[in-house]
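With compact mmCIF, C-alpha atoms and all ligand atoms inside, this is my_file_18.txt:
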# COMPACT_ATOMS: atom_id res chain seq x y z
CA MET T 1 -26.65 33.84 20.21
CA ASN T 2 -24.22 36.33 21.66
CA GLN T 3 -22.15 38.64 19.53
CA ILE T 4 -18.84 37.00 20.41
CA LEU T 5 -20.11 33.61 19.27
CA ILE T 6 -21.34 35.06 15.97
CA GLU T 7 -17.99 36.72 15.44
CA GLU T 8 -16.18 33.47 16.15
CA ILE T 9 -18.35 31.59 13.68
CA ASN T 10 -17.75 34.18 11.00
CA LYS T 11 -14.01 34.02 11.63
CA ASN T 12 -14.16 30.23 11.31
CA LYS T 13 -16.11 30.51 8.09
CA ARG T 14 -13.52 32.82 6.60
CA LEU T 15 -10.71 30.52 7.60
CA MET T 16 -12.50 27.53 6.17
CA ASN T 17 -13.04 29.30 2.88
CA LEU T 18 -9.37 30.15 2.84
CA LEU T 19 -8.33 26.59 3.38
CA GLU T 20 -11.12 24.96 1.39
CA ASN T 21 -9.64 26.62 -1.65
CA ASP T 22 -6.68 24.42 -1.05
CA LEU T 23 -8.74 21.28 -1.66
CA VAL T 24 -9.67 20.81 -5.29
CA LYS T 25 -12.11 18.47 -6.95
CA LEU T 26 -10.23 16.31 -9.43
CA SER T 27 -12.80 16.90 -12.18
CA ASN T 28 -12.13 20.63 -11.85
CA THR T 29 -8.42 20.21 -12.57
CA SER T 30 -6.75 20.44 -15.97
CA TYR T 31 -3.16 19.39 -15.40
CA SER T 32 -1.15 18.34 -18.44
CA ASN T 33 0.51 15.44 -16.63
CA VAL T 34 -1.99 14.50 -13.90
CA LYS T 35 -5.20 12.77 -14.98
CA TYR T 36 -7.86 10.91 -12.99
CA ASP T 37 -10.21 7.96 -13.28
CA ASN T 38 -13.69 8.56 -14.54
CA ASP T 39 -15.28 6.69 -11.62
CA ALA T 40 -16.17 8.25 -8.23
CA THR T 41 -12.55 9.36 -7.97
CA LYS T 42 -13.25 12.31 -10.23
CA ASN T 43 -15.51 13.83 -7.55
CA ASP T 44 -12.93 13.45 -4.78
CA LEU T 45 -11.29 16.45 -3.16
CA VAL T 46 -7.51 16.42 -2.97
CA THR T 47 -5.07 18.94 -1.52
CA LYS T 48 -3.82 21.16 -4.33
CA ALA T 49 -0.25 21.04 -3.01
CA LEU T 50 -0.07 17.30 -3.68
CA LEU T 51 -1.51 17.60 -7.19
CA ASP T 52 0.85 20.47 -8.00
CA ASP T 53 3.77 18.34 -6.85
CA ILE T 54 2.76 15.32 -8.91
CA GLN T 55 2.32 17.58 -11.93
CA LYS T 56 5.78 19.08 -11.41
CA ALA T 57 7.41 15.67 -10.91
CA ALA T 58 5.58 13.95 -13.77
CA ASP T 59 6.25 16.81 -16.18
CA SER T 60 9.97 16.80 -15.32
CA VAL T 61 10.33 13.16 -16.40
CA GLY T 62 7.84 13.15 -19.26
CA VAL T 63 5.24 10.96 -17.56
CA THR T 64 1.46 11.33 -17.40
CA ALA T 65 0.16 10.00 -14.09
CA THR T 66 -3.45 8.88 -13.79
CA ILE T 67 -4.92 8.99 -10.28
CA THR T 68 -6.97 5.83 -9.95
CA THR T 69 -7.96 6.24 -6.28
CA ALA T 70 -8.08 9.29 -4.06
CA LYS T 71 -10.62 9.04 -1.25
CA SER T 72 -13.67 7.20 -2.61
CA GLY T 73 -13.57 3.47 -2.15
CA HIS T 74 -10.30 3.47 -0.23
CA ASN T 75 -9.91 1.61 3.06
CA ALA T 76 -10.12 3.94 6.04
CA HIS T 77 -7.02 2.40 7.59
CA VAL T 78 -3.50 1.67 6.44
CA LYS T 79 -3.21 -2.04 5.67
CA ASN T 80 -2.09 -4.09 8.69
CA SER T 81 -2.26 -1.00 10.89
CA LYS T 82 -4.65 1.03 13.01
CA ARG T 83 -3.48 4.27 11.47
CA THR T 84 -6.07 6.24 9.52
CA SER T 85 -5.12 6.29 5.87
CA ARG T 86 -4.03 9.64 4.46
CA HIS T 87 -6.51 8.97 1.69
CA MET T 88 -9.25 9.76 4.22
CA LYS T 89 -7.66 13.14 4.89
CA ASN T 90 -7.59 14.16 1.21
CA VAL T 91 -3.81 14.27 1.22
CA ALA T 92 -2.94 11.02 -0.59
CA VAL T 93 -3.58 9.51 -4.01
CA ASP T 94 -2.82 6.25 -5.78
CA VAL T 95 -1.46 6.24 -9.31
CA ALA T 96 -1.93 2.92 -11.13
CA ILE T 97 -1.66 4.13 -14.73
CA LEU T 98 1.44 5.77 -16.22
CA ASN T 99 1.39 7.02 -19.81
CA GLY T 100 -1.78 4.98 -20.22
CA ILE T 101 -0.04 1.77 -19.12
CA GLY T 102 -1.14 -0.37 -16.16
CA SER T 103 1.04 -2.60 -14.00
CA GLY T 104 -0.01 -5.84 -15.69
CA GLY T 105 -0.78 -7.37 -12.31
CA ALA T 106 2.64 -6.65 -10.78
CA SER T 107 3.15 -8.04 -7.28
CA ASN T 108 6.95 -7.92 -7.02
CA SER T 109 9.93 -6.13 -8.56
CA ARG T 110 10.18 -8.54 -11.50
CA ASN T 111 6.70 -9.49 -12.70
CA GLY T 112 4.06 -7.38 -14.48
CA ASN T 113 4.66 -4.66 -17.06
CA ALA T 114 8.33 -3.60 -17.27
CA GLU T 115 7.55 -0.25 -18.91
CA PHE T 116 5.10 0.61 -16.11
CA ARG T 117 7.88 -0.13 -13.59
CA ARG T 118 10.39 1.99 -15.53
CA LEU T 119 8.01 4.97 -15.63
CA GLY T 120 7.14 4.47 -11.96
CA ASN T 121 10.84 4.56 -11.04
CA LYS T 122 11.25 7.86 -12.91
CA LEU T 123 8.24 9.43 -11.22
CA LYS T 124 9.36 8.17 -7.81
CA ASN T 125 12.87 9.59 -8.32
CA ALA T 126 11.47 12.98 -9.30
CA LEU T 127 9.30 13.03 -6.18
CA VAL T 128 12.28 12.08 -4.00
CA SER T 129 14.20 15.03 -5.49
CA MET T 130 11.34 17.21 -4.26
CA GLY T 131 11.71 15.98 -0.69
CA TYR T 132 9.34 13.01 -0.71
CA THR T 133 10.49 10.13 1.48
CA TRP T 134 10.61 6.81 -0.33
CA ASN T 135 8.82 3.88 1.34
CA ARG T 136 8.34 5.33 4.78
CA GLU T 137 5.20 7.41 5.21
CA SER T 138 4.74 7.25 8.98
CA GLY T 139 6.37 10.32 10.53
CA ASN T 140 7.09 11.90 7.15
CA ASP T 141 4.97 14.75 5.80
CA LYS T 142 5.63 13.85 2.18
CA ALA T 143 6.04 10.26 1.06
CA VAL T 144 5.93 7.95 -1.93
CA LEU T 145 5.37 4.21 -1.58
CA TRP T 146 6.65 2.29 -4.61
CA GLN T 147 8.22 -1.14 -5.14
CA THR T 148 7.35 -2.24 -1.62
CA ASN T 149 4.78 -4.26 0.28
CA THR T 150 4.77 -1.66 3.07
CA GLY T 151 1.13 -0.66 3.50
CA GLY T 152 0.02 -3.16 0.85
CA ASN T 153 1.10 -4.06 -2.69
CA HIS T 154 2.84 -1.00 -4.06
CA TYR T 155 4.20 -2.78 -7.12
CA ASN T 156 0.94 -2.17 -9.00
CA HIS T 157 0.61 1.52 -8.06
CA LEU T 158 2.43 4.45 -6.50
CA HIS T 159 0.98 5.88 -3.31
CA ILE T 160 1.88 9.57 -2.99
CA SER T 161 1.02 11.82 -0.03
CA ASN T 162 1.67 15.40 1.08
CA ARG T 163 0.08 16.51 4.34
CA THR T 164 1.85 19.88 4.57
CA GLY T 165 -0.56 21.79 2.36
CA VAL T 166 2.50 23.29 0.70
CA SER T 167 3.84 22.34 -2.70
CA SER T 168 7.51 21.53 -3.28
CA ASN T 169 10.31 22.46 -5.62
CA ILE T 170 12.43 20.11 -7.63
CA ASN T 171 15.95 20.27 -6.24
CA VAL T 172 17.76 20.78 -9.49
CA GLY T 173 18.92 24.38 -9.81
CA SER T 174 15.76 26.34 -10.39
CA GLU T 175 16.71 30.01 -10.21
CA ASP T 176 13.54 31.40 -8.72
CA SER T 177 12.97 28.57 -6.26
CA ASP T 178 13.92 30.75 -3.30
CA THR T 179 11.27 33.30 -4.14
CA GLU T 180 8.62 30.63 -4.54
CA ASP T 181 9.63 29.14 -1.21
CA ASP T 182 9.26 32.46 0.57
CA ILE T 183 5.82 33.09 -0.86
CA SER T 184 4.37 29.67 -0.10
CA THR T 185 5.82 29.67 3.41
CA SER T 186 4.36 33.06 4.25
CA VAL T 187 0.92 32.07 2.97
CA THR T 188 0.99 28.96 5.13
CA SER T 189 2.18 30.90 8.16
CA THR T 190 -0.72 33.30 7.78
CA ALA T 191 -3.22 30.44 7.63
CA LYS T 192 -1.57 28.75 10.60
CA ASP T 193 -1.58 31.95 12.63
CA LYS T 194 -5.25 32.51 11.90
CA LEU T 195 -6.08 28.94 12.81
CA ASN T 196 -4.13 29.13 16.05
CA ASN T 197 -5.85 32.39 16.97
CA ILE T 198 -9.22 30.74 16.51
CA LEU T 199 -8.25 27.56 18.33
CA ASN T 200 -6.94 29.51 21.29
CA SER T 201 -9.93 31.84 21.51
CA ASN T 202 -12.64 31.48 24.11
CA LEU T 203 -16.18 30.30 23.41
CA ASP T 204 -18.64 30.25 26.31
CA GLY T 205 -15.82 29.67 28.79
CA SER T 206 -13.95 26.97 26.88
CA LEU T 207 -11.10 27.15 24.43
CA ILE T 208 -12.25 26.25 20.94
CA LYS T 209 -9.37 23.79 20.58
CA ASP T 210 -10.65 21.94 23.65
CA LEU T 211 -14.22 21.93 22.32
CA ILE T 212 -13.17 20.24 19.10
CA GLY T 213 -10.52 18.10 20.73
CA VAL T 214 -7.35 19.12 18.95
CA THR T 215 -5.31 19.47 22.13
CA SER T 216 -3.52 16.18 21.51
CA SER T 217 -2.40 17.31 18.08
CA THR T 218 -0.74 20.50 19.21
CA GLY T 219 3.00 20.78 19.26
CA THR T 220 5.23 21.61 22.21
CA ASN T 221 4.69 25.32 21.63
CA GLY T 222 0.92 24.85 21.98
CA ASN T 223 0.36 25.65 18.33
CA THR T 224 -1.29 23.41 15.80
CA SER T 225 1.13 21.88 13.36
CA SER T 226 0.51 22.52 9.69
CA THR T 227 0.03 18.81 9.19
CA ASP T 228 -3.13 18.86 11.28
CA ILE T 229 -4.73 21.88 9.67
CA ILE T 230 -6.93 19.89 7.31
CA GLY T 231 -8.13 17.56 10.07
CA THR T 232 -8.87 20.54 12.29
CA ILE T 233 -10.84 22.27 9.57
CA ILE T 234 -12.93 19.16 9.04
CA LYS T 235 -13.67 19.09 12.77
CA LEU T 236 -14.53 22.79 12.76
CA SER T 237 -16.85 22.40 9.82
CA LYS T 238 -18.62 19.43 11.46
CA MET T 239 -19.01 21.43 14.64
CA MET T 240 -20.66 24.27 12.74
CA SER T 241 -22.89 22.27 10.40
ZN ZN R 301 -2.62 4.72 -1.29
Can you dump the structure from the file as structure tokens?
Amino acid sequence: MNQILIEEINKNKRLMNLLENDLVKLSNTSYSNVKYDNDATKNDLVTKALLDDIQKAADSVGVTATITTAKSGHNAHVKNSKRTSRHMKNVAVDVAILNGIGSGGASNSRNGNAEFRRLGNKLKNALVSMGYTWNRESGNDKAVLWQTNTGGNHYNHLHISNRTGVSSNINVGSEDSDTEDDISTSVTSTAKDKLNNILNSNLDGSLIKDLIGVTSSTGTNGNTSSTDIIGTIIKLSKMMS
């Protein structure tokens, strides 16, 4: 192996470590307001930004959200669609228990457990105040599906996704929110810059981004969008394993 290749691999390894830290195993978390099922879900990896957001939202409205499905056992595709589910990308979770209460078999806006629906509305509203789009995930980085049949029955659980890798602030006058914003944005920019440097570097005569096929996911400026970072890292890690 030539020296350049070794250097590239080491750079990739460092980047992966950097970004892997952003995926956390649910059983390693100890949020006050975000719990998880004790089935295979507890071993699933989920982007920390999403969990931090759910914690922030749930705490603000006095709800404890239990993640009942993350990646394990979820369909690979969005219902009635060819789109790959965000669950497969570790950036979406389903919450079917709120304050220990299930939906009671809810399938519309009137049946099932009324308290579950009330708590779900509060959690949804808090997420919306943090920039989550309600009931339209496609094309939106952060979304919550609730009280809709879009993508399946979302009367018996909330589906919450964040593919930015960056956590959000609640939009109700938090004094230090600007500072937090600046910090998280600069961390993400650093990771993005590093990733773009690697993707645009040359390996045995080919660009790494061409070798792993991320050309189609690059933006107009030729840079990888933050939303594709996790997918790219998975490709990189497969390529190196
Ligand atoms: Zn879901």
- Would you work out the distance separating atom CA of Ser167 of chain T from atom CA of Lys56 of chain T, expressed in Å to one decimal?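 Result for atom CA of Ser167 of chain T versus atom CA of Lys56 of chain T: 9.5 Å, one decimal.
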- Task: Write out as a PyMOL selection string each polymer residue (protein, DNA or RNA) that has an atom no more than 12 Å from ligand ZN 301 (chain R), with only C-alpha atoms and all ligand atoms counted.
- Result: chain T and resi 67-79+84-96+135+137+143-146+149-162
- Task: Can you work out which one of T:Gln55, T:Asn113, T:Asn125, T:Asn80 has the shortest atom-to-atom distance to Ser168 of chain T, counting all atoms listed in the file?
- Result: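 With all atoms listed in the file as the atom set, the closest residue is T:Gln55.
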- Query: Any idea what the distance is between atom CA of Leu119 of chain T and atom CA of Asn99 of chain T?
  - Reply: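 Interatomic distance here is 8.1 Å.
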- Note on the structure: Expressed in Å, the length from atom CA of Ser60 of chain T to atom CA of Lys124 of chain T is 11.5 Å
- Item | Selection near Tyr132 of chain T, 7 Å with only C-alpha atoms, sequence-local residues under 2 positions removed, as a list in words |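 These residues fall inside the cut-off: Leu127, Val128, Met130, Trp134, Lys142, Ala143 and Val144 of chain T.
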Show me, as JSON, the centre and edge lengths in Å to one decimal of the axis-aligned box that covers every listed atom of segment 111-128 of chain T with 8 Å on each side.
{"center_x": 8.5, "center_y": 1.8, "center_z": -11.5, "size_x": 24.8, "size_y": 38.5, "size_z": 30.9}
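Using all atoms listed in the file, the nearest neighbour of Thr164 of chain T within the list T:Glu7, T:Asp37, T:Asp59, T:Asp53 is T:Asp53.
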